Amino acid sequence: MATVKLTKVKKIYDNNVVAVHDFDLEIQDKEFVVFVGPSGCGKSTTLRMIAGLEDISDGTIEIDGEVVNDLQPKDRNIAMVFQNYALYPHMTVYDNIAFSLRLQKIPEDEIYSRVTNAAEILGITDYLMRKPRALSGGQRQRVAIGRAMVRDSKVFLMDEPLSNLDAKLRNQMRAEIILLRQKLNTTFVYVTHDQTEAMTLGDRIVIMKEGYIQQVGTPTEVFEMPKNLFVAGFIGAPQMNIVNTELTLENGTYYVSPFGVKLPVDGEKGAALAAKKVKPGPVALGVRPEHIVLTKDAENAIPCTLEVNEMMGSELHLHVYTADETRLVVRVPTISLDEQTRKGLVAGAKVYLTFEGKVMHFFDPESTENLLN
Amino acid sequence: MKHYSDLEFLQLSKWQRFLYRLLSFFASIPRGLKNGVFAIGRFFKNAAMGIGREFRDLVTTFRDGDGNTKLSYLIMGWGCLRRGQILRGIMFLLFELIFILYMVFWGGYWLSMLPSLGKVGPGEAYDPILDTYVYQYNDNSFKILLYGVLTIFFIIAFIYTWRTNIKQNRIAEQILKSGKPLRSGRDDLRSLVDDQFHKTLLALPMTGILLFTVMPIVFMILVAFTNYDGTHDGYVNNLFTWVGLKNFNTMLSWTGAGGHSYAATFGEILAWTLIWAFFATFTNYFLGMFVAMMINKKGIRVKKLWRTILVLTIAIPQFISLLYVSKMFAKNGIVNGVLMDLGIISQAIDFMGSQAHNALLPRVMVILINIWIGIPYLMLIATGILMNIPADLYESAKIDGASGWKQYTKITLPYMLFVTGPYLLTQFTSNMNNFNVIYLLTGGAPNNAAASWATGSVGYTDLLITWLFKITTGAEAQYYLASVIGILVFVVVAVITLIVYNVLPSIKNEEDFQ
Amino acid sequence: MTNNTSPKRHMGLKASNAISNTLIHVLLIVISIIWLIPFVCILLQSFRVESTWQVGYVIPQKWGFDNYLSLLQTDFKRWYLNTLIIALVNAVLQTIIVLCMSYTLSRFRFKMRDALMRFMLVLGLFPGMLTMIILYRVLKDLGLTQANAVPGLILVYVASSGMGYYVSKGFFDTLPKSLDEAARVDGATRFQVLYKIILPLSKPIVIYTILTAFMAPWGDFVFARYISFGTSAGMNVAVGMYNWLNKDMIGSCYTMFCAGGVVVAIPVAILFMCLQRYYVEGVTGGAVKG
């Protein structure tokens with residue numbers, strides 16, 4: 001059993017800079033939790049506090065029900081993969097992986113079986129006698145994971161392990177980490193700044209900004225029900241389009257009027273608004289680029305001019321601007337366009353956009369909170 | 001002085017810009033000094049506040065502590081022992097016992113004699129057994145001063161330990177109250193190689209520094225306020241005693257017989273020391289950089305050979321090089337011999353100032369020979385840094401049309417200055433105290449007769465530090481004078497360091513305009 | 001910017017480069033000669049047999065090993081042995097102390113760290129000679145001066161060597177802290193981190209420190225002179241040979257000085273040249289970290 005519980009954890013540096021505010025989280029046994037957020041949001045700091053590499057200014061951290069605030073890293077039964085791998089340069093791959101086992105005075109034959117086992121799973125058996133400087137980035141990564149694997153620890157911590165790899169390798173390693181997770185069957189805490197990694201790897205995602213938790217939820221939850229503007233903009237690429245507009249209520253139906261075009265809020269969203277008796281007023285309307293539709297019907301559609309057309313392969317990313325110079329991004333599957341329409345999408349072309357009620361997100365312009373929370 | 005905004009500055013002509021930056025630099029010096037003084041003031045204020053906090057803490061700990069804590073104010077380690085921390089308790093107790101014993105038997109005596117530095121000097125006394133007058137040594141001023149200072153240090157250490165003892169009591173109470181166990185003796189020992197490892201590692205070096213550097217310096221500072229010299233050596237000849245600021249007054253006074261005062265001597269030597277340090281540092285720096293760049297240039301062959309030849313100079317012990325070169329330039333030395341053989345000169349040139357007429361030539365020679373000694377070292381450093389400058393900076397500059405000289409002044413030089421700024425400062429201050437080069441080359445010659453009246457032979461190439469050495473090893477050995485000079489040297493060096501450190505950042509901001 | 005695609009222009013660039021390179025080569029040759037002259041002279045003079053005082057010519061008229069033999073009849077043997085012992089002991093002890101100090105200041109962040117570094121900076125601004133007077137008196141009382149100058153000198157060198165941590169600390173700062181952290185997560189104590197991880201990676205700086213600690217006593221004049229205080233048996237080579245060049249002795253000892261200089265310089269120089277690479281690494285890596 002390896003649960004991790006953080007209660008009101010705070011980190012304040014000597015110069016009174018607060019890096020992490022009141023962090024509360026309960027991680028279940030064998031759960032894969034991802035801390036994600038922009039640089040400086042406190043995710044690495046929190047991870048290092050779990051590891052014992054940073055002192056905890058306030059609050060408690062429990063691993064498996066035991067308070068570990070005062071325990072040294074080696075007594076917490078954790079393993080860690082560092083961003084720059086931190087492999088011991090003067091030791092062979094075998095010795096690197098065996099290092100912690102030798103410190104525990106485990107007999108050499110058992111060390112041999114554990115290390116070769118891990119090496120086989122990771123596919124690095126051929127490199128066991130090499131030194132780190134003779135390995136590529138991806139291979140070093142695997143050695144770092146191997147070093148953490150052999151310890152049979154309760155919690156597996158990973159600090160931005162894929163940041164130093166090129167794009168292609170990153171995709172490959174992401175899949176391997178998922179496979180690894182299935183094999184190891186232990187609790188993972190993973191830190192990254194890349195929301196794609198967070199969405200694909202995590203059972204649950206913890207989104208952080210400037211030391212505060214913004215939202216905790218499954219990938220689906222944070223994607224479909226972002227709690228505030230920050231989460232809405234952070235998850236999903238390209239970013240969600242945000243437009244300031246008015247939410248009106250007429251005859252029991254809610255309407256929004258982005259750029260002077262009145263669109264009804266139909267479907268479940270409309271019903272949800274009604275159920276919560278949301279008051280009409282100024283609202284920050286959010287729509288994801290993939291949910292906006294090109295339409296030929298100029299009525300009830302937002303007129304825009306095309307600025308840049310990015311050819312992404314299976315879809316086009318259209319960067320358009322409205323009459324008042326607001327910029328929007330639309331994702332259009334190439335396959336949904338006929339030849340003529342596609343050829344017509346050049347700079348300066350006029351396009352008409354619309355979207356349904358069920359893809360709309362509503363945020364309070366001042367508090368940035370989702371109105372449907 | 002008018003302060004320009006960015007855009008306004010950009011519109012000025014080149015001359016105007018230069019003048020503006022020059023004036024800004026000078027304007028920033030008083031600011032730098034002010035910042036430095038404020039920093040010192042803040043330091044003292046923080047220290048005072050810290051002490052106030054300590055006292056308050058002592059009072060509250062006593063008031064809120066349990067019986068064991070209260071008793072620990074008197075018997076150190078009591079709290080630790082009663083709470084099961086045997087090892088710590090015993091160590092505190094032992095320390096207290098040793099301290100009390102020391103103070104009773106020895107410390108008290110030394111402290112009591114400190115104000116007077118000895119009452120009974122050596123003299124004749126009647127010895128009843130031998131039935132004659134015997135010369136007796138009685139009090140020892142030196143020992144009194146030394147052991148008195150040591151005792152004071154010991155007292156400070158004791159107060160600190162006592163304070164730690166109190167603090168630990170308070171922390172222990174808190175830990176027990178929250179239900180957690182205390183660290184046992186074994187835990188303590190184990191932590192010495194882990195989280196408290198830094199204390200273990202620092203123990204020996206810091207003890208050495210405390211005993212062999214801090215203590216002597218404190219002692220010598222105190223000596224500046226006594227009249228300790230050859231005739232008042234505190235034991236054999238006479239006792240010495242406190243004279244307050246008399247020595248400083250003497251040193252800084254402009255009066256004095258023989259048409260020359262201490263202050264004038266000091267001023268002359270200080271001036272030369274500063275000039276010497278300036279030239280020694282910067283000639284080596286720029287010439288070393290120049291040589292490094294020459295060797296580093298593309299198209300120069302056997303780079304390693306040139307570097308090795310120069311590095312050889314570092315390998316050979318300096319005293320050999322310096323002593324031999326000084327003899328080479330002597331009046332009957334090799335250089336003069338060869339020059340006369342070649343017919344270039346008819347009379348030997350007095351390079352090293354063996355006769356007191358021309359002060360300029362020996363001074364120039366000293367700087368030149370110092371270049372010979374110092375360039376290899378600077379060349380090494382410059383080479384290392386040059387190799388680190390990204391090559392694409394130069395490539396981009398070449399495309400932009402920059403000539404070799406422009407590349408040097410706009411890329412190489414700023415980069416070098418940035419990286420070696422602090423190093424230059426330390427080189428300057430260490431050149432001010434560069435004993436070996438001056439003493440072994442000229443011994444301070446040629447003799448400065450006017451300045452030598454008070455303190456024995458002083459020369460035109462003497463630095464403050466060689467003057468200090470001569471004073472302490474001369475016939476009269478005026479130690480108190482040496483201490484005063486040492487303190488003044490320190491003040492000069494400290495002021496320079498302070499100014500530079502506080503002015504440098506502001507210069508860097510000006511650099512951004514380039 | 002002029003167009004330099006025409007052949008004439010192209011040759012101009014090459015030609016001007018060749019000229020400047022030749023000039024520089026000439027300059028380097030001149031510099032090399034100037035730098036080596038004193039050592040060549042000292043070497044030649046050490047073989048001069050026809051006279052023992054200072055002369056105005058370089059090449060000896062009669063060659064021989066007389067000067068080297070006369071070295072053996074003076075206290076030179078004693079001085080050499082003294083300096084050698086001091087250098088060896090200092091090399092070991094000083095290295096240990098400096099490495100302890102610089103490793104701690106590089107790796108650990110404790111409350112007094114900044115204050116300590118600033119304090120030592122200020123301490124270093126005092127002229128070192130000032131401490132000699134009292135150290136001499138204390139050492140005298142302990143019997144560690146004059147004839148027993150060797151242990152006295154060693155004590156003085158080693159005790160305050162902690163202040164020379166700057167270069168080593170600069171080196172340790174370049175080793176990534178994540179190595180320490182990975183080892184601690186793997187279960188090592190701080191002590192184990194030091195000797196299992198950090199030290200094996202610190203070969204250059206360790207050799208640099210040993211080298212400089214070994215070389216320093218050969219050149220120290222002031223402290224050795226003070227502590228030996230006129231007793232020949234306690235002098236090191238610098239002090240002893242210095243006396244050979246004063247007014248009364250230079251007549252008979254000049255060539256012996258040259259021979260002694262060669263004997264002292266050659267082993268130290270050879271050692272330095274062998275380990276030169278580490279010295280350069282230490283100086284450029286750690287010395288100017290700014």
# chains A, B, ... in the order shown; residues from 1 in each chain; ligands from 1
$ residues_around --residues "stretch 177-183 of chain B" --least-positions-apart "5" --cutoff "12 Å" --atoms "only C-alpha atoms" --output "number ranges by chain"
A: 67, 70; B: 65-66, 80-88, 168-172, 188-191
$ write_last_selection --atoms "N, CA and C atoms" --output "mmCIF file, in the first residue's frame"
data_model
loop_
_atom_site.group_PDB
_atom_site.id
_atom_site.type_symbol
_atom_site.label_atom_id
_atom_site.label_comp_id
_atom_site.auth_asym_id
_atom_site.auth_seq_id
_atom_site.Cartn_x
_atom_site.Cartn_y
_atom_site.Cartn_z
ATOM 1 N N VAL A 67 3.824 9.934 8.775
ATOM 2 C CA VAL A 67 4.266 11.311 8.535
ATOM 3 C C VAL A 67 5.768 11.314 8.264
ATOM 4 N N ASP A 70 10.028 14.703 8.826
ATOM 5 C CA ASP A 70 11.383 14.782 9.357
ATOM 6 C C ASP A 70 12.278 13.655 8.870
ATOM 7 N N GLY B 65 9.807 27.692 30.815
ATOM 8 C CA GLY B 65 10.392 26.359 30.863
ATOM 9 C C GLY B 65 10.013 25.591 32.110
ATOM 10 N N ASP B 66 10.210 24.256 32.034
ATOM 11 C CA ASP B 66 9.911 23.462 33.227
ATOM 12 C C ASP B 66 11.108 23.485 34.176
ATOM 13 N N CYS B 80 19.427 18.039 29.553
ATOM 14 C CA CYS B 80 19.706 16.951 28.631
ATOM 15 C C CYS B 80 19.793 15.617 29.356
ATOM 16 N N LEU B 81 20.516 15.631 30.491
ATOM 17 C CA LEU B 81 20.674 14.384 31.225
ATOM 18 C C LEU B 81 19.321 13.863 31.698
ATOM 19 N N ARG B 82 18.517 14.757 32.258
ATOM 20 C CA ARG B 82 17.237 14.320 32.815
ATOM 21 C C ARG B 82 16.306 13.826 31.714
ATOM 22 N N ARG B 83 16.490 14.310 30.494
ATOM 23 C CA ARG B 83 15.601 13.869 29.422
ATOM 24 C C ARG B 83 16.194 12.707 28.646
ATOM 25 N N GLY B 84 17.257 12.151 29.136
ATOM 26 C CA GLY B 84 17.771 10.938 28.513
ATOM 27 C C GLY B 84 18.821 11.157 27.447
ATOM 28 N N GLN B 85 19.193 12.408 27.177
ATOM 29 C CA GLN B 85 20.240 12.628 26.184
ATOM 30 C C GLN B 85 21.573 12.659 26.909
ATOM 31 N N ILE B 86 22.058 11.450 27.228
ATOM 32 C CA ILE B 86 23.216 11.337 28.102
ATOM 33 C C ILE B 86 24.448 11.995 27.467
ATOM 34 N N LEU B 87 24.690 11.656 26.177
ATOM 35 C CA LEU B 87 25.908 12.141 25.537
ATOM 36 C C LEU B 87 25.980 13.663 25.575
ATOM 37 N N ARG B 88 24.901 14.299 25.146
ATOM 38 C CA ARG B 88 24.922 15.765 25.122
ATOM 39 C C ARG B 88 25.078 16.323 26.523
ATOM 40 N N GLN B 168 18.630 24.352 23.461
ATOM 41 C CA GLN B 168 18.311 22.945 23.286
ATOM 42 C C GLN B 168 17.270 22.502 24.276
ATOM 43 N N ASN B 169 17.332 23.066 25.487
ATOM 44 C CA ASN B 169 16.305 22.737 26.470
ATOM 45 C C ASN B 169 14.934 23.100 25.951
ATOM 46 N N ARG B 170 14.849 24.316 25.404
ATOM 47 C CA ARG B 170 13.548 24.772 24.924
ATOM 48 C C ARG B 170 13.042 23.880 23.804
ATOM 49 N N ILE B 171 13.937 23.580 22.820
ATOM 50 C CA ILE B 171 13.538 22.747 21.689
ATOM 51 C C ILE B 171 13.134 21.357 22.172
ATOM 52 N N ALA B 172 13.901 20.823 23.135
ATOM 53 C CA ALA B 172 13.586 19.488 23.650
ATOM 54 C C ALA B 172 12.201 19.469 24.283
ATOM 55 N N ASP B 188 22.706 11.240 17.282
ATOM 56 C CA ASP B 188 23.572 12.404 17.136
ATOM 57 C C ASP B 188 24.848 12.043 16.398
ATOM 58 N N LEU B 189 25.463 10.919 16.811
ATOM 59 C CA LEU B 189 26.718 10.538 16.163
ATOM 60 C C LEU B 189 26.489 10.234 14.691
ATOM 61 N N ARG B 190 25.361 9.595 14.409
ATOM 62 C CA ARG B 190 25.102 9.251 13.002
ATOM 63 C C ARG B 190 24.862 10.507 12.180
ATOM 64 N N SER B 191 24.206 11.489 12.789
ATOM 65 C CA SER B 191 23.921 12.697 12.012
ATOM 66 C C SER B 191 25.191 13.475 11.716
#
$ select_by_dssp --residues "stretch 7-252 of chain C" --states "alpha helix (DSSP H)" --output "PyMOL selection string"
chain C and resi 7-45+66-73+76-107+113-124+130-141+149-159+166-173+177-185+190-192+203-219+222-228+237-244+250-252
$ residues_around --residues "C:Pro60" --least-positions-apart "6" --cutoff "12 Å" --atoms "only C-alpha atoms" --output "ChimeraX atom specification"
/C:41-52,54,255
$ residues_around --residues "stretch 320-332 of chain A" --least-positions-apart "5" --cutoff "10 Å" --atoms "only C-alpha atoms" --output "JSON, numbers by chain"
{"A": [237, 238, 239, 240, 241, 242, 243, 259, 287, 288, 289, 290, 291, 292, 293, 294, 302, 303, 304, 305, 306, 307, 308, 309, 310, 312, 314, 315, 337, 347, 348, 349, 350, 351, 352, 353]}
$ write_last_selection --atoms "N, CA and C atoms" --output "CSV table (one decimal), in the first residue's frame"
chain,number,residue,atom,x,y,z
A,237,ALA,N,-4.6,22.1,-27.0
A,237,ALA,CA,-3.7,22.9,-27.9
A,237,ALA,C,-4.3,22.8,-29.3
A,238,PRO,N,-4.5,23.9,-30.0
A,238,PRO,CA,-4.2,25.3,-29.6
A,238,PRO,C,-5.1,25.7,-28.5
A,239,GLN,N,-4.8,26.8,-27.8
A,239,GLN,CA,-5.5,27.3,-26.7
A,239,GLN,C,-7.0,27.6,-27.0
A,240,MET,N,-7.8,27.4,-25.9
A,240,MET,CA,-9.2,27.8,-26.1
A,240,MET,C,-9.4,29.3,-26.4
A,241,ASN,N,-10.3,29.6,-27.3
A,241,ASN,CA,-10.6,31.0,-27.6
A,241,ASN,C,-11.5,31.5,-26.5
A,242,ILE,N,-11.1,32.7,-26.0
A,242,ILE,CA,-11.9,33.4,-25.0
A,242,ILE,C,-12.4,34.7,-25.6
A,243,VAL,N,-13.7,34.9,-25.4
A,243,VAL,CA,-14.3,36.2,-26.0
A,243,VAL,C,-15.1,36.8,-24.8
A,259,PHE,N,-19.4,39.3,-30.9
A,259,PHE,CA,-19.2,40.1,-32.1
A,259,PHE,C,-20.5,40.4,-32.7
A,287,VAL,N,-14.5,28.9,-26.2
A,287,VAL,CA,-14.8,27.8,-27.1
A,287,VAL,C,-13.5,27.2,-27.6
A,288,ARG,N,-13.4,25.9,-27.7
A,288,ARG,CA,-12.1,25.3,-28.2
A,288,ARG,C,-12.0,25.4,-29.7
A,289,PRO,N,-10.8,25.5,-30.2
A,289,PRO,CA,-10.7,25.7,-31.7
A,289,PRO,C,-11.3,24.5,-32.5
A,290,GLU,N,-11.3,23.3,-31.9
A,290,GLU,CA,-11.8,22.2,-32.6
A,290,GLU,C,-13.3,22.1,-32.6
A,291,HIS,N,-13.9,23.0,-31.8
A,291,HIS,CA,-15.4,23.0,-31.7
A,291,HIS,C,-16.0,24.0,-32.6
A,292,ILE,N,-15.2,25.0,-33.1
A,292,ILE,CA,-15.8,26.0,-34.0
A,292,ILE,C,-15.9,25.4,-35.4
A,293,VAL,N,-17.1,25.8,-36.0
A,293,VAL,CA,-17.4,25.2,-37.4
A,293,VAL,C,-17.4,26.3,-38.4
A,294,LEU,N,-16.8,26.0,-39.6
A,294,LEU,CA,-17.0,26.9,-40.7
A,294,LEU,C,-18.4,26.7,-41.3
A,302,ILE,N,-20.4,34.3,-37.3
A,302,ILE,CA,-19.4,35.4,-37.0
A,302,ILE,C,-18.6,35.7,-38.3
A,303,PRO,N,-18.6,36.9,-38.8
A,303,PRO,CA,-17.8,37.1,-40.0
A,303,PRO,C,-16.3,37.4,-39.6
A,304,CYS,N,-15.4,36.7,-40.2
A,304,CYS,CA,-14.0,36.9,-39.9
A,304,CYS,C,-13.1,36.9,-41.2
A,305,THR,N,-11.9,37.5,-41.1
A,305,THR,CA,-11.0,37.4,-42.2
A,305,THR,C,-9.9,36.5,-41.8
A,306,LEU,N,-9.5,35.7,-42.8
A,306,LEU,CA,-8.4,34.7,-42.5
A,306,LEU,C,-7.0,35.4,-42.6
A,307,GLU,N,-6.2,35.2,-41.6
A,307,GLU,CA,-4.9,35.8,-41.5
A,307,GLU,C,-3.8,34.8,-41.9
A,308,VAL,N,-3.8,33.6,-41.2
A,308,VAL,CA,-2.8,32.6,-41.5
A,308,VAL,C,-3.4,31.3,-41.5
A,309,ASN,N,-3.1,30.4,-42.5
A,309,ASN,CA,-3.6,29.1,-42.6
A,309,ASN,C,-2.4,28.1,-42.4
A,310,GLU,N,-2.4,27.4,-41.3
A,310,GLU,CA,-1.3,26.5,-41.0
A,310,GLU,C,-1.8,25.1,-41.5
A,312,MET,N,-1.5,21.4,-41.1
A,312,MET,CA,-1.0,20.5,-40.1
A,312,MET,C,-1.0,19.1,-40.6
A,314,SER,N,-3.5,16.5,-41.3
A,314,SER,CA,-4.9,16.0,-41.3
A,314,SER,C,-5.9,17.1,-40.9
A,315,GLU,N,-5.4,18.2,-40.5
A,315,GLU,CA,-6.3,19.3,-40.2
A,315,GLU,C,-5.6,20.7,-40.5
A,337,LEU,N,-13.5,19.3,-45.9
A,337,LEU,CA,-13.7,20.4,-46.8
A,337,LEU,C,-13.6,19.8,-48.2
A,347,ALA,N,-5.0,33.9,-47.3
A,347,ALA,CA,-4.9,35.1,-46.5
A,347,ALA,C,-5.9,36.1,-47.1
A,348,GLY,N,-6.7,36.7,-46.2
A,348,GLY,CA,-7.6,37.7,-46.7
A,348,GLY,C,-9.0,37.2,-47.0
A,349,ALA,N,-9.1,35.9,-47.1
A,349,ALA,CA,-10.4,35.3,-47.4
A,349,ALA,C,-11.4,35.5,-46.3
A,350,LYS,N,-12.7,35.6,-46.7
A,350,LYS,CA,-13.7,35.8,-45.6
A,350,LYS,C,-14.3,34.5,-45.2
A,351,VAL,N,-14.3,34.2,-43.9
A,351,VAL,CA,-14.9,33.0,-43.5
A,351,VAL,C,-16.0,33.3,-42.4
A,352,TYR,N,-16.9,32.4,-42.3
A,352,TYR,CA,-18.0,32.5,-41.3
A,352,TYR,C,-18.0,31.4,-40.3
A,353,LEU,N,-18.0,31.8,-39.0
A,353,LEU,CA,-17.8,30.8,-37.9
A,353,LEU,C,-19.1,30.7,-37.1
$ closest_residue --among "B:Lys246, B:Thr132, B:Asp195, B:Phe418" --to "chain A" --atoms "only C-alpha atoms"
B:Asp195
$ atom_distance --atom1 "atom CA of A:Ile178" --atom2 "atom CA of A:Thr3"
19.8 Å
$ interface_residues --of "chain C" --to "chain A" --cutoff "7 Å" --atoms "only C-alpha atoms" --output "PDB file with C-alpha atoms, in the first residue's frame"
ATOM      1  CA  SER C 178      21.411  16.531  -8.791  1.00  0.00           C
ATOM      2  CA  LEU C 179      24.212  13.970  -8.463  1.00  0.00           C
ATOM      3  CA  ALA C 182      20.237  11.177  -6.623  1.00  0.00           C
ATOM      4  CA  ARG C 184      20.863  10.664  -1.214  1.00  0.00           C
ATOM      5  CA  VAL C 185      17.616   9.318  -2.636  1.00  0.00           C
ATOM      6  CA  ASP C 186      19.493   6.085  -3.316  1.00  0.00           C
ATOM      7  CA  GLY C 187      20.279   5.931   0.370  1.00  0.00           C
ATOM      8  CA  ALA C 188      23.738   7.414   0.845  1.00  0.00           C
ATOM      9  CA  LEU C 201      34.858  13.004 -10.096  1.00  0.00           C
TER      10      LEU C 201
END
$ residues_around --residues "B:Met352" --least-positions-apart "6" --cutoff "9 Å" --atoms "only C-alpha atoms" --output "ChimeraX atom specification"
/B:326-327,329-331,361-363,365-366,441-442,445-446
$ write_last_selection --atoms "N, CA and C atoms" --output "PDB file, in the first residue's frame"
ATOM      1  N   SER B 326      67.510  39.856 -10.097  1.00  0.00           N
ATOM      2  CA  SER B 326      67.962  41.088  -9.463  1.00  0.00           C
ATOM      3  C   SER B 326      69.491  41.185  -9.532  1.00  0.00           C
ATOM      4  N   LYS B 327      70.156  40.034  -9.429  1.00  0.00           N
ATOM      5  CA  LYS B 327      71.612  40.063  -9.542  1.00  0.00           C
ATOM      6  C   LYS B 327      72.052  40.263 -10.984  1.00  0.00           C
ATOM      7  N   PHE B 329      70.755  42.234 -13.034  1.00  0.00           N
ATOM      8  CA  PHE B 329      70.704  43.658 -13.357  1.00  0.00           C
ATOM      9  C   PHE B 329      71.563  44.491 -12.422  1.00  0.00           C
ATOM     10  N   ALA B 330      72.336  43.849 -11.593  1.00  0.00           N
ATOM     11  CA  ALA B 330      73.192  44.614 -10.687  1.00  0.00           C
ATOM     12  C   ALA B 330      74.276  45.336 -11.486  1.00  0.00           C
ATOM     13  N   LYS B 331      75.001  46.223 -10.811  1.00  0.00           N
ATOM     14  CA  LYS B 331      75.974  47.043 -11.543  1.00  0.00           C
ATOM     15  C   LYS B 331      77.088  46.199 -12.125  1.00  0.00           C
ATOM     16  N   LEU B 361      64.195  54.692 -12.248  1.00  0.00           N
ATOM     17  CA  LEU B 361      64.599  53.484 -12.967  1.00  0.00           C
ATOM     18  C   LEU B 361      64.321  52.206 -12.180  1.00  0.00           C
ATOM     19  N   PRO B 362      64.715  52.135 -10.902  1.00  0.00           N
ATOM     20  CA  PRO B 362      64.382  50.906 -10.155  1.00  0.00           C
ATOM     21  C   PRO B 362      62.891  50.648 -10.138  1.00  0.00           C
ATOM     22  N   ARG B 363      62.088  51.712 -10.015  1.00  0.00           N
ATOM     23  CA  ARG B 363      60.648  51.494  -9.969  1.00  0.00           C
ATOM     24  C   ARG B 363      60.141  50.910 -11.279  1.00  0.00           C
ATOM     25  N   MET B 365      61.955  49.204 -13.397  1.00  0.00           N
ATOM     26  CA  MET B 365      62.485  47.847 -13.504  1.00  0.00           C
ATOM     27  C   MET B 365      61.629  46.859 -12.731  1.00  0.00           C
ATOM     28  N   VAL B 366      61.215  47.281 -11.545  1.00  0.00           N
ATOM     29  CA  VAL B 366      60.415  46.369 -10.725  1.00  0.00           C
ATOM     30  C   VAL B 366      59.121  46.000 -11.441  1.00  0.00           C
ATOM     31  N   LEU B 441      63.774  41.676  -5.152  1.00  0.00           N
ATOM     32  CA  LEU B 441      64.402  42.363  -6.275  1.00  0.00           C
ATOM     33  C   LEU B 441      65.287  43.517  -5.810  1.00  0.00           C
ATOM     34  N   THR B 442      64.703  44.406  -5.027  1.00  0.00           N
ATOM     35  CA  THR B 442      65.484  45.587  -4.671  1.00  0.00           C
ATOM     36  C   THR B 442      65.706  45.730  -3.175  1.00  0.00           C
ATOM     37  N   ALA B 445      65.390  49.315  -2.082  1.00  0.00           N
ATOM     38  CA  ALA B 445      66.340  50.345  -2.507  1.00  0.00           C
ATOM     39  C   ALA B 445      65.788  51.114  -3.700  1.00  0.00           C
ATOM     40  N   PRO B 446      66.288  52.280  -4.077  1.00  0.00           N
ATOM     41  CA  PRO B 446      67.354  52.992  -3.370  1.00  0.00           C
ATOM     42  C   PRO B 446      66.851  53.655  -2.101  1.00  0.00           C
TER      43      PRO B 446
END
$ residues_around --residues "C:Pro200" --least-positions-apart "4" --cutoff "12 Å" --atoms "only C-alpha atoms" --output "NGL selection string"
(:A and (88-91)) or (:C and (175 or 192-196 or 204-207))
$ closest_residue --among "C:Val167, C:Leu71, C:Val30, C:Leu155" --to "C:Phe257" --atoms "only C-alpha atoms"
C:Leu71
